[in-house]
Structure formats: structure tokens, C-alpha cells
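Colleague: A single structure is presented below for examination.
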Amino acid sequence: MDKVYVLLMGFISIVIVNNLVFTKFLGICPYLGVSGRLDMAFGMGMAVTFVITLAGTLTWLIDNLILMPYGLEVTRYVCYILVIAGAVQLVEMYLRKFFPPLYESFGIFLPLITTNCAILGLCLFVNLWGIDNFPEAAVLSFGAGIGFTLAICIMAGIRENLNIADVPDSLKGAPITLITAGLLTLAFMGFAGMIK
Amino acid sequence: MENKAPSISKVFAAGLWQENPVLRLLLGMCPTLAVTTAVKPALTMGLSVIFVLFCSNIVVSLMRNLLKPHLRILMFTLAIATFVTIADLFLRAFQPEMSAVLGPYVPLIIVNCIIICRAEACASKNGLFISIIDAIGMGIGFTVVLCILGGIRELLATGMIFEIKVMPSFFVPWAAMRMPVGAFITLGLILGLVNFVTGKKT
């Protein structure tokens with residue numbers, strides 16, 4: 001029971017309290033880039049959730065089963081980026097073969113995920129926080145993806161309404177998006193310190 | 001040789017202003033926002049990025065004719081990851097304090113869009129010399145913006161710059177500037193200001 005409790009708390013913590021986008025600035029590029037429309041944002045969020053879960057668990061396994069026992073920590077970053085690129089490639093091929101309509105709708109987002117800092121960032125944070133059991137690493141990876149989806153969908157919803165707002169000319173586009181993001185962060189700061 | 005000189009200065013200047021990675025292309029937002037709580041980490045980050053950009057542009061430029069198109073991005077990323085590992089180990093050995101502050105944001109240079117973008121847009125199409133100039137220009141442009149942002153936030157959050165007190169004693173520090181909110185809003189206002197200034201000219 002204790003273990004389930006820890007896992008649940010970890011999940012809530014990474015989705016809301018330690019949301020990667022709001023507190024760690026990870027995945028800001030797609031957060032600002034593709035949050036123009038709600039459906040696109042949701043698609044991006046789902047694709048990221050899938051890849052982040054896969055990459056997070058795989059890198060944890062590689063780190064603990066191969067790199068650490070043999071003292072190869074120096075090659076960690078190279079391994080991580082290879083795993084992520086491989087996972088994205090795998091997802092891309094799998095979707096193209098078995099779910100062509102879904103593949104069409106993801107379009108350009110899929111290859112872009114490789115350079116999404118949220119994914120590499122999560123792998124590094126799992127390592128930094130010293131997560132030492134497999135279920136926890138898997139739950140955190142999945143939670144990080146859900147957190148990203150949450151953030152990008154909230155942002156897309158706000159931006160859809162922002163389109164009809166009267167914004168000063170020089171603030172149109174990226175500047176107002178950043179300021180909105182700042183206010184959103186302020187709102188999420190209310191959760192800080194709630195868990196761990 | 002004569003018509004090459006202006007193009008070099010043009011490439012260099014593009015990185016500083018017209019194509020400034022942060023202000024104009026909106027690339028590399030993640031480190032820009034995360035490490036600019038003060039000037040010193042911002043400067044360290046900027047220098048690391050210059051180093052990685054410089055090395056990766058050289059390598060990419062040298063191997064541009066050997067690459068198959070579909071393996072291109074993977075090779076770029078691998079080259080970048082190698083140089084980032086070097087930079088990270090260097091920082092850990094000689095600047096342990098800064099390394100602790102920057103934490104995972106040093107390895108995150110690997111997925112910094114600036115570097116991949118420059119490898120793809122410049123180094124894979126141009127010769128060695130132009131690539132080096134481009135890397136230096138872009139790197140300096142990035143570092144300058146990072147330092148300005150870091151300076152504003154450090155000044156308002158603590159009243160100090162480079163850990164030296166500059167504000168008068170009645171100044172009340174704005175704690176919010178140290179937090180993510182400060183980063184987002186300061187950068188948003190800077191972008192707005194840049195748009196305002198350049199919008200006037202044209």
C-alpha cells in the first residue's frame with residue numbers, strides 16, 4: 001500500500017507541482033510554437049506523452065543495467081539522445097504502418113519531438129533525483145508527458161481566445177504568449193510545496 | 001577575395017541582430033529562461049553554447065559531403081552530444097559551483113534548437129570559414145541576450161549585479177523575478193520592446 005501511495009504522489013507531483021513546463025522551463029519551444037490551436041496542441045501532447053514514457057523507462061533501464069555497472073557514465077548523454085532518436089523513429093514507423101490516419105494527423109510533429117527538451121530533460125531529472133526503482137521511473141515518465149499535455153492544452157485554449165483580444169501591435173505574437181505563460185506559471189506556483 | 005569581406009561581416013552581424021537566435025528566431029528558449037536568474041550562470045551558459053556551437057559547426061561543415069540525407073540529423077545530434085559531454089565535464093572539473101547551479105541545463109544544450117538549426121541551415125551548406133564565423137556571431141548574439149536578461153532579473157531580484165550591490169538601500173527586492181514568472185514576463189517585454197523599436201524603422 002505504501003508503494004502505491006508513493007507512486008500516486010509522484011504522479012501528482014510531476015503533473016501539477018513540478019510540472020516540467022511551468023517550473024523547469026522544459027519543452028518551451030513546442031509550448032510556444034504549436035499551441036496555436038487546441039486540436040494540434042492535444043495531438044502534440046499525446047505524441048510527446050508516448051515518446052517520453054518510452055524514452056524515460058528505456059533510459060532508466062540502460063542507465064542502471066548497462067552504464068552504471070560498467071562505469072560508462074561519460075557516454076550517458078550520447079546514449080540518451082540515441083535512445084530518444086531511436087524511440088521517435090520507432091513510433092514513426094509503427095504509426096505509418098498500422099495507423100496511417102493518425103500518422104497523417106501528427107505530420108511534422110513526430111520528427112520534431114526528438115529535439116523536444118522535455119524528453120531529454122525528464123531522462124536527466126530521473127537520473128538526478130536518484131530514482132532507484134523501475135515502477136517509479138515509469139510513472140514519473142508517464143506523468144511528465146501528461147503534465148506537458150495539460151500545459152500545452154491550457155495554453156492553446158487561452159491563445160484561441162487571445163486571437164480576438166485587442167493586443168498592442170508590438171506585443172502581438174510571441175511577446176504576449178510569453179507574458180501569458182508567465183501569468184499561468186504564477187497560477188501554478190500556488191501548488192508549490194504541496195507535495196515533497 | 002574582395003567581395004568575400006562584406007559577406008563575412010554580414011554573416012557575423014546577422015547572428016548579432018537581424019537573425020539573433022533568441023530575439024528574432026525564438027530558438028533556445030529553454031536555457032534562456034531557465035539559467036538567467038543571475039548574470040554569472042547566464043554568462044557561463046552562453047560561453048558553453050559558443051564552445052559547442054563552434055565545435056559542432058566545424059565538424060558538421062567538414063563532414064557535410066559524406067552524409068546521407070536521412071541520417072543527417074542523427075549525425076548532427078551525435079556530434080553535438082559529444083561536445084556537450086566535453087563542456088559538461090570541463091565545467092564540473094573547473095567550475096563546480098556553476099556546474100551545480102546549471103545542473104541538467106548543460107546537457108540540455110544537446111537539444112538546444114539553436115545548435116541544430118545552425119548545423120542544418122548554415123554549416124551543412126557552407127564551407128569551414130563561413131561556418132566558424134556564423135557560429136561565433138550566433139553564439140555571441142545568444143550570450144549577449146542571456147546576459148541582458150540575467151542582468152535585469154538579478155538586479156530586480158536581489159539589487160545586485162555580479163554579486164555586487166548596486167541598488168540604493170531602500171530598494172525592496174522583487175522576489176518574483178527569481179521565479180519562472182520573472183523569466184517569462186521579462187523576456188516577453190524585451191521581445192515586445194524589440195518589435196517596437198524595429199517596427200518604427202520600417
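Convention: chains lettered A, B, ... in C-alpha cells order; per-chain residue numbering from 1; ligands numbered from 1 as shown.
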Just want the 7 Å neighbourhood of segment 160-176 of chain A, counted on only C-alpha atoms, with same-chain residues fewer than 6 positions away dropped. Output as JSON, numbers by chain.

Modeller: {"A": [36, 37], "B": [188, 189, 191, 192, 195, 196]}

Colleague: Per residue of chain B within 9 Å of chain A, what are the shortest atom pair and its distance in Å to one decimal, counting only C-alpha atoms, with rows by chain and residue number, as a Markdown table?

Modeller:
| residue | atom | partner | partner_atom | distance |
| --- | --- | --- | --- | --- |
| B:Leu26 | CA | A:Cys29 | CA | 8.0 |
| B:Leu27 | CA | A:Cys29 | CA | 7.2 |
| B:Gly28 | CA | A:Cys29 | CA | 7.4 |
| B:Met29 | CA | A:Ile28 | CA | 6.3 |
| B:Cys30 | CA | A:Phe25 | CA | 5.4 |
| B:Pro31 | CA | A:Phe25 | CA | 7.8 |
| B:Leu33 | CA | A:Phe25 | CA | 6.7 |
| B:Ala34 | CA | A:Phe25 | CA | 6.0 |
| B:Leu74 | CA | A:Ala85 | CA | 7.4 |
| B:Thr77 | CA | A:Ile81 | CA | 7.5 |
| B:Leu78 | CA | A:Val78 | CA | 6.4 |
| B:Ala79 | CA | A:Val78 | CA | 8.9 |
| B:Ile80 | CA | A:Val78 | CA | 8.9 |
| B:Ala81 | CA | A:Val78 | CA | 5.4 |
| B:Thr82 | CA | A:Val78 | CA | 6.6 |
| B:Val84 | CA | A:Tyr77 | CA | 8.2 |
| B:Thr85 | CA | A:Tyr77 | CA | 6.9 |
| B:Leu89 | CA | A:Val74 | CA | 8.5 |
| B:Gly103 | CA | A:Leu128 | CA | 8.8 |
| B:Pro104 | CA | A:Leu124 | CA | 6.4 |
| B:Tyr105 | CA | A:Gly121 | CA | 8.0 |
| B:Pro107 | CA | A:Tyr77 | CA | 6.9 |
| B:Leu108 | CA | A:Gly121 | CA | 6.6 |
| B:Ile109 | CA | A:Cys117 | CA | 8.9 |
| B:Ile110 | CA | A:Ile81 | CA | 8.2 |
| B:Val111 | CA | A:Thr115 | CA | 5.0 |
| B:Asn112 | CA | A:Thr115 | CA | 7.4 |
| B:Cys113 | CA | A:Thr115 | CA | 7.0 |
| B:Ile116 | CA | A:Thr115 | CA | 8.7 |
| B:Met179 | CA | A:Thr23 | CA | 8.5 |
| B:Pro180 | CA | A:Thr23 | CA | 6.4 |
| B:Val181 | CA | A:Gly182 | CA | 4.5 |
| B:Gly182 | CA | A:Gly182 | CA | 7.2 |
| B:Ala183 | CA | A:Gly182 | CA | 7.5 |
| B:Phe184 | CA | A:Gly182 | CA | 4.8 |
| B:Ile185 | CA | A:Ile179 | CA | 4.7 |
| B:Thr186 | CA | A:Ile179 | CA | 8.1 |
| B:Leu187 | CA | A:Leu178 | CA | 7.2 |
| B:Gly188 | CA | A:Pro175 | CA | 4.1 |
| B:Leu189 | CA | A:Pro175 | CA | 6.4 |
| B:Ile190 | CA | A:Pro175 | CA | 7.9 |
| B:Leu191 | CA | A:Pro175 | CA | 5.5 |
| B:Gly192 | CA | A:Leu171 | CA | 4.7 |
| B:Leu193 | CA | A:Ser170 | CA | 7.2 |
| B:Val194 | CA | A:Ser170 | CA | 8.2 |
| B:Asn195 | CA | A:Ser170 | CA | 5.2 |
| B:Phe196 | CA | A:Ser170 | CA | 5.0 |
| B:Val197 | CA | A:Ser170 | CA | 8.7 |
| B:Gly199 | CA | A:Ser170 | CA | 7.5 |

Colleague: Kindly indicate which residue among B:Ala123, B:Leu146, B:Ile152, B:Ala93 lies nearest to Asn57 of chain B, using only C-alpha atoms for the distances.

Modeller: B:Ala123

Colleague: List every residue of chain A that DSSP, applied to the backbone, labels as alpha helix (DSSP H), and write the result as a PyMOL selection string.

Modeller: chain A and resi 2-12+20-24+28-33+38-62+76-98+100-106+109-112+117-128+134-162+174-189

Colleague: Those residues you just picked out, can you put them in a file as a tab-separated table (two decimals), in the first residue's frame with C-alpha atoms?

Modeller:
chain	number	residue	atom	x	y	z
A	2	ASP	CA	2.86	2.33	0.87
A	3	LYS	CA	4.38	1.79	-2.50
A	4	VAL	CA	1.17	2.64	-4.34
A	5	TYR	CA	0.90	5.80	-2.25
A	6	VAL	CA	4.43	6.88	-3.20
A	7	LEU	CA	3.72	6.23	-6.86
A	8	LEU	CA	0.47	8.20	-6.75
A	9	MET	CA	2.11	11.13	-5.00
A	10	GLY	CA	4.97	11.05	-7.52
A	11	PHE	CA	2.47	11.16	-10.37
A	12	ILE	CA	0.52	14.12	-8.96
A	20	LEU	CA	8.17	20.37	-16.41
A	21	VAL	CA	6.91	23.28	-18.47
A	22	PHE	CA	5.98	25.61	-15.63
A	23	THR	CA	8.76	25.01	-13.14
A	24	LYS	CA	11.67	23.62	-15.18
A	28	ILE	CA	9.15	25.63	-24.18
A	29	CYS	CA	9.77	25.56	-27.95
A	30	PRO	CA	6.72	23.43	-28.86
A	31	TYR	CA	4.82	25.04	-25.98
A	32	LEU	CA	5.13	28.39	-27.73
A	33	GLY	CA	5.30	27.06	-31.28
A	38	LEU	CA	-6.35	23.22	-29.36
A	39	ASP	CA	-6.56	20.07	-31.51
A	40	MET	CA	-2.97	20.42	-32.70
A	41	ALA	CA	-1.80	21.03	-29.17
A	42	PHE	CA	-3.57	17.89	-27.96
A	43	GLY	CA	-2.03	15.82	-30.77
A	44	MET	CA	1.41	17.09	-29.90
A	45	GLY	CA	0.80	16.38	-26.23
A	46	MET	CA	-0.24	12.80	-26.93
A	47	ALA	CA	2.76	12.13	-29.18
A	48	VAL	CA	5.10	13.56	-26.54
A	49	THR	CA	3.45	11.53	-23.77
A	50	PHE	CA	4.03	8.34	-25.71
A	51	VAL	CA	7.66	9.05	-26.57
A	52	ILE	CA	8.50	10.40	-23.11
A	53	THR	CA	7.14	7.25	-21.42
A	54	LEU	CA	9.10	5.02	-23.76
A	55	ALA	CA	12.30	7.08	-23.55
A	56	GLY	CA	12.10	7.61	-19.79
A	57	THR	CA	11.79	3.92	-18.99
A	58	LEU	CA	14.35	2.83	-21.59
A	59	THR	CA	17.00	5.32	-20.47
A	60	TRP	CA	16.43	4.32	-16.85
A	61	LEU	CA	16.99	0.68	-17.77
A	62	ILE	CA	20.09	1.44	-19.83
A	76	ARG	CA	25.41	8.97	-20.80
A	77	TYR	CA	24.29	11.93	-22.92
A	78	VAL	CA	25.21	10.25	-26.18
A	79	CYS	CA	23.26	7.13	-25.15
A	80	TYR	CA	20.22	9.15	-24.04
A	81	ILE	CA	19.99	11.08	-27.28
A	82	LEU	CA	20.39	7.87	-29.30
A	83	VAL	CA	17.59	6.19	-27.34
A	84	ILE	CA	15.29	9.18	-27.85
A	85	ALA	CA	16.03	9.45	-31.56
A	86	GLY	CA	15.51	5.70	-31.87
A	87	ALA	CA	12.22	5.79	-29.94
A	88	VAL	CA	10.89	8.59	-32.13
A	89	GLN	CA	11.90	6.71	-35.27
A	90	LEU	CA	10.22	3.56	-33.96
A	91	VAL	CA	6.99	5.37	-33.16
A	92	GLU	CA	7.04	6.99	-36.57
A	93	MET	CA	7.47	3.69	-38.43
A	94	TYR	CA	4.90	1.89	-36.29
A	95	LEU	CA	2.27	4.59	-36.79
A	96	ARG	CA	2.91	4.80	-40.54
A	97	LYS	CA	2.45	1.06	-40.91
A	98	PHE	CA	-0.51	0.40	-38.61
A	100	PRO	CA	-1.91	5.76	-41.24
A	101	PRO	CA	-4.66	8.30	-40.38
A	102	LEU	CA	-3.06	9.05	-37.00
A	103	TYR	CA	0.31	9.34	-38.71
A	104	GLU	CA	-1.09	11.84	-41.18
A	105	SER	CA	-2.54	13.95	-38.42
A	106	PHE	CA	0.74	14.09	-36.47
A	109	PHE	CA	5.34	16.94	-35.09
A	110	LEU	CA	6.79	13.46	-34.87
A	111	PRO	CA	10.36	14.15	-36.02
A	112	LEU	CA	10.29	17.42	-34.06
A	117	CYS	CA	13.87	19.40	-24.40
A	118	ALA	CA	11.14	17.98	-22.13
A	119	ILE	CA	12.10	14.44	-23.10
A	120	LEU	CA	15.84	14.62	-22.62
A	121	GLY	CA	15.19	16.83	-19.60
A	122	LEU	CA	13.00	14.22	-17.95
A	123	CYS	CA	15.57	11.47	-18.56
A	124	LEU	CA	18.20	13.68	-16.91
A	125	PHE	CA	15.97	14.59	-13.98
A	126	VAL	CA	15.07	10.96	-13.31
A	127	ASN	CA	18.79	10.35	-13.10
A	128	LEU	CA	19.40	13.46	-10.98
A	134	PHE	CA	11.64	0.83	-12.06
A	135	PRO	CA	7.90	1.48	-11.39
A	136	GLU	CA	8.66	4.95	-10.06
A	137	ALA	CA	10.72	5.85	-13.15
A	138	ALA	CA	7.92	4.63	-15.42
A	139	VAL	CA	5.22	6.55	-13.51
A	140	LEU	CA	7.28	9.74	-13.49
A	141	SER	CA	7.91	9.49	-17.24
A	142	PHE	CA	4.22	9.00	-17.97
A	143	GLY	CA	3.25	11.79	-15.58
A	144	ALA	CA	5.69	14.18	-17.21
A	145	GLY	CA	4.00	13.56	-20.56
A	146	ILE	CA	0.55	14.16	-19.06
A	147	GLY	CA	1.82	17.33	-17.42
A	148	PHE	CA	3.16	18.56	-20.74
A	149	THR	CA	-0.18	17.82	-22.44
A	150	LEU	CA	-2.00	19.69	-19.68
A	151	ALA	CA	0.24	22.74	-20.01
A	152	ILE	CA	0.13	22.93	-23.80
A	153	CYS	CA	-3.67	22.43	-23.90
A	154	ILE	CA	-4.31	25.18	-21.33
A	155	MET	CA	-2.06	27.47	-23.34
A	156	ALA	CA	-3.78	26.62	-26.62
A	157	GLY	CA	-7.18	27.32	-25.07
A	158	ILE	CA	-6.03	30.72	-23.87
A	159	ARG	CA	-4.40	31.59	-27.20
A	160	GLU	CA	-7.54	30.76	-29.15
A	161	ASN	CA	-9.30	33.43	-27.13
A	162	LEU	CA	-6.33	35.77	-27.34
A	174	ALA	CA	5.44	35.71	-29.22
A	175	PRO	CA	5.70	38.51	-26.60
A	176	ILE	CA	2.10	38.24	-25.44
A	177	THR	CA	2.36	34.45	-25.44
A	178	LEU	CA	5.36	34.66	-23.14
A	179	ILE	CA	3.59	37.07	-20.81
A	180	THR	CA	0.54	34.77	-20.73
A	181	ALA	CA	2.86	31.88	-19.94
A	182	GLY	CA	4.30	33.92	-17.09
A	183	LEU	CA	0.86	34.51	-15.58
A	184	LEU	CA	-0.01	30.82	-15.98
A	185	THR	CA	3.19	29.93	-14.13
A	186	LEU	CA	2.16	32.29	-11.38
A	187	ALA	CA	-1.12	30.40	-11.06
A	188	PHE	CA	0.64	27.04	-10.91
A	189	MET	CA	3.06	28.39	-8.32

Colleague: May I ask for the distance between atom CA of Gln18 of chain B and atom CA of Val144 of chain B, given in Å to one decimal place?

Modeller: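 Between these atoms lies a distance of 14.0 Å.
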
Colleague: For the strand (DSSP E) assignment from backbone DSSP, which residues of chain B qualify? Please present them as a ChimeraX atom specification.

Modeller: /B:160-161,164-165

Colleague: Can you work out which one of B:Ala135, B:Ala14, B:Met75, B:Val106 has the shortest atom-to-atom distance to Ile58 of chain B, counting only C-alpha atoms?

Modeller: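 With only C-alpha atoms as the atom set, the closest residue is B:Ala135.
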
Colleague: Got a sec: who's within 10 Å of Thr44 of chain B, counting only C-alpha atoms, leaving out chain neighbours fewer than 4 positions off, as a ChimeraX atom specification?

Modeller: /B:35,39-40,48-50,91,95,98-99,102,106,143,146-147

Colleague: I need the chosen residues saved as a PDB file, in the first residue's frame, with N, CA and C atoms.

Modeller:
ATOM      1  N   VAL B  35      18.276  29.615 -17.007  1.00  0.00           N
ATOM      2  CA  VAL B  35      19.535  29.908 -16.317  1.00  0.00           C
ATOM      3  C   VAL B  35      19.751  31.385 -16.073  1.00  0.00           C
ATOM      4  N   VAL B  39      23.562  37.023 -13.596  1.00  0.00           N
ATOM      5  CA  VAL B  39      24.428  37.208 -14.757  1.00  0.00           C
ATOM      6  C   VAL B  39      25.429  36.066 -14.902  1.00  0.00           C
ATOM      7  N   LYS B  40      25.946  35.615 -13.750  1.00  0.00           N
ATOM      8  CA  LYS B  40      27.053  34.656 -13.840  1.00  0.00           C
ATOM      9  C   LYS B  40      26.661  33.327 -14.488  1.00  0.00           C
ATOM     10  N   SER B  48      29.397  28.230 -22.803  1.00  0.00           N
ATOM     11  CA  SER B  48      29.309  26.802 -23.161  1.00  0.00           C
ATOM     12  C   SER B  48      28.661  26.643 -24.522  1.00  0.00           C
ATOM     13  N   VAL B  49      27.600  27.438 -24.759  1.00  0.00           N
ATOM     14  CA  VAL B  49      26.913  27.321 -26.046  1.00  0.00           C
ATOM     15  C   VAL B  49      27.844  27.756 -27.182  1.00  0.00           C
ATOM     16  N   ILE B  50      28.629  28.848 -26.964  1.00  0.00           N
ATOM     17  CA  ILE B  50      29.568  29.272 -28.008  1.00  0.00           C
ATOM     18  C   ILE B  50      30.532  28.133 -28.320  1.00  0.00           C
ATOM     19  N   LEU B  91      33.224  21.893 -17.097  1.00  0.00           N
ATOM     20  CA  LEU B  91      32.597  22.737 -16.077  1.00  0.00           C
ATOM     21  C   LEU B  91      32.644  22.063 -14.713  1.00  0.00           C
ATOM     22  N   GLN B  95      34.691  24.519 -12.730  1.00  0.00           N
ATOM     23  CA  GLN B  95      33.708  25.457 -12.185  1.00  0.00           C
ATOM     24  C   GLN B  95      32.625  24.678 -11.441  1.00  0.00           C
ATOM     25  N   MET B  98      29.325  26.570 -10.519  1.00  0.00           N
ATOM     26  CA  MET B  98      28.464  26.900 -11.648  1.00  0.00           C
ATOM     27  C   MET B  98      27.803  25.648 -12.198  1.00  0.00           C
ATOM     28  N   SER B  99      28.563  24.557 -12.208  1.00  0.00           N
ATOM     29  CA  SER B  99      28.028  23.295 -12.714  1.00  0.00           C
ATOM     30  C   SER B  99      26.833  22.859 -11.877  1.00  0.00           C
ATOM     31  N   LEU B 102      23.834  25.225 -12.753  1.00  0.00           N
ATOM     32  CA  LEU B 102      23.249  24.973 -14.070  1.00  0.00           C
ATOM     33  C   LEU B 102      22.595  23.607 -14.141  1.00  0.00           C
ATOM     34  N   VAL B 106      23.045  22.081 -18.664  1.00  0.00           N
ATOM     35  CA  VAL B 106      24.213  21.942 -19.529  1.00  0.00           C
ATOM     36  C   VAL B 106      24.007  20.800 -20.526  1.00  0.00           C
ATOM     37  N   THR B 143      24.655  34.869 -26.217  1.00  0.00           N
ATOM     38  CA  THR B 143      25.223  35.189 -24.908  1.00  0.00           C
ATOM     39  C   THR B 143      24.819  36.582 -24.448  1.00  0.00           C
ATOM     40  N   LEU B 146      21.282  36.601 -23.257  1.00  0.00           N
ATOM     41  CA  LEU B 146      21.225  35.883 -21.984  1.00  0.00           C
ATOM     42  C   LEU B 146      21.708  36.760 -20.840  1.00  0.00           C
ATOM     43  N   CYS B 147      22.813  37.491 -21.096  1.00  0.00           N
ATOM     44  CA  CYS B 147      23.386  38.329 -20.037  1.00  0.00           C
ATOM     45  C   CYS B 147      22.471  39.503 -19.719  1.00  0.00           C
TER      46      CYS B 147
END

Colleague: List every residue of segment 15-93 of chain B that has an atom at most 10 Å from any atom of segment 118-122 of chain B, and for each one report the closest atom pair and its distance in Å to one decimal, counting only C-alpha atoms, with rows sorted by chain and then by increasing residue number, as CSV.

Modeller:
residue,atom,partner,partner_atom,distance
B:Pro21,CA,B:Arg118,CA,9.7
B:Leu53,CA,B:Arg118,CA,8.1
B:Ser56,CA,B:Ala119,CA,7.3
B:Asn57,CA,B:Ala119,CA,5.8
B:Ile58,CA,B:Ala119,CA,9.2
B:Val59,CA,B:Ala119,CA,9.3
B:Val60,CA,B:Ala119,CA,6.4
B:Ser61,CA,B:Ala119,CA,7.9
B:Arg64,CA,B:Ala119,CA,9.6
B:Arg72,CA,B:Glu120,CA,8.7
B:Ile73,CA,B:Glu120,CA,8.0
B:Phe76,CA,B:Ala119,CA,7.1
B:Thr77,CA,B:Ala119,CA,9.5
B:Ile80,CA,B:Ala119,CA,9.6

Colleague: Output the selection as a PDB file, in the first residue's frame - N, CA and C atoms for each residue.

Modeller:
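So again.pdb came out as:
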ATOM      1  N   PRO B  21      19.374  34.652 -32.423  1.00  0.00           N
ATOM      2  CA  PRO B  21      18.642  33.414 -32.151  1.00  0.00           C
ATOM      3  C   PRO B  21      17.498  33.570 -31.160  1.00  0.00           C
ATOM      4  N   LEU B  53      28.688  25.263 -30.157  1.00  0.00           N
ATOM      5  CA  LEU B  53      28.282  25.718 -31.488  1.00  0.00           C
ATOM      6  C   LEU B  53      29.490  25.776 -32.416  1.00  0.00           C
ATOM      7  N   SER B  56      30.717  22.122 -33.130  1.00  0.00           N
ATOM      8  CA  SER B  56      29.795  21.318 -33.935  1.00  0.00           C
ATOM      9  C   SER B  56      29.699  21.885 -35.349  1.00  0.00           C
ATOM     10  N   ASN B  57      29.764  23.218 -35.495  1.00  0.00           N
ATOM     11  CA  ASN B  57      29.735  23.789 -36.837  1.00  0.00           C
ATOM     12  C   ASN B  57      30.965  23.354 -37.636  1.00  0.00           C
ATOM     13  N   ILE B  58      32.135  23.297 -36.980  1.00  0.00           N
ATOM     14  CA  ILE B  58      33.341  22.850 -37.684  1.00  0.00           C
ATOM     15  C   ILE B  58      33.165  21.410 -38.158  1.00  0.00           C
ATOM     16  N   VAL B  59      32.739  20.545 -37.235  1.00  0.00           N
ATOM     17  CA  VAL B  59      32.622  19.122 -37.582  1.00  0.00           C
ATOM     18  C   VAL B  59      31.575  18.915 -38.671  1.00  0.00           C
ATOM     19  N   VAL B  60      30.418  19.555 -38.507  1.00  0.00           N
ATOM     20  CA  VAL B  60      29.341  19.378 -39.482  1.00  0.00           C
ATOM     21  C   VAL B  60      29.779  19.897 -40.853  1.00  0.00           C
ATOM     22  N   SER B  61      30.461  21.040 -40.837  1.00  0.00           N
ATOM     23  CA  SER B  61      30.911  21.616 -42.096  1.00  0.00           C
ATOM     24  C   SER B  61      31.911  20.696 -42.793  1.00  0.00           C
ATOM     25  N   ARG B  64      29.999  17.505 -44.227  1.00  0.00           N
ATOM     26  CA  ARG B  64      28.730  17.723 -44.912  1.00  0.00           C
ATOM     27  C   ARG B  64      28.608  16.952 -46.215  1.00  0.00           C
ATOM     28  N   ARG B  72      21.318  12.521 -41.576  1.00  0.00           N
ATOM     29  CA  ARG B  72      21.944  13.809 -41.294  1.00  0.00           C
ATOM     30  C   ARG B  72      21.715  14.262 -39.848  1.00  0.00           C
ATOM     31  N   ILE B  73      20.417  14.368 -39.482  1.00  0.00           N
ATOM     32  CA  ILE B  73      20.086  14.922 -38.170  1.00  0.00           C
ATOM     33  C   ILE B  73      20.696  14.081 -37.053  1.00  0.00           C
ATOM     34  N   PHE B  76      24.333  14.882 -36.729  1.00  0.00           N
ATOM     35  CA  PHE B  76      24.491  16.198 -36.088  1.00  0.00           C
ATOM     36  C   PHE B  76      24.359  16.054 -34.579  1.00  0.00           C
ATOM     37  N   THR B  77      23.264  15.379 -34.181  1.00  0.00           N
ATOM     38  CA  THR B  77      22.979  15.273 -32.750  1.00  0.00           C
ATOM     39  C   THR B  77      24.101  14.533 -32.032  1.00  0.00           C
ATOM     40  N   ILE B  80      27.015  16.823 -31.626  1.00  0.00           N
ATOM     41  CA  ILE B  80      26.728  17.825 -30.597  1.00  0.00           C
ATOM     42  C   ILE B  80      26.815  17.205 -29.211  1.00  0.00           C
TER      43      ILE B  80
END

Colleague: How far is it from atom CA of Phe191 of chain A to atom CA of Trp129 of chain A, in Å with one decimal?

Modeller: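 Answer for the atom CA of Phe191 of chain A to atom CA of Trp129 of chain A separation: 19.9 Å.
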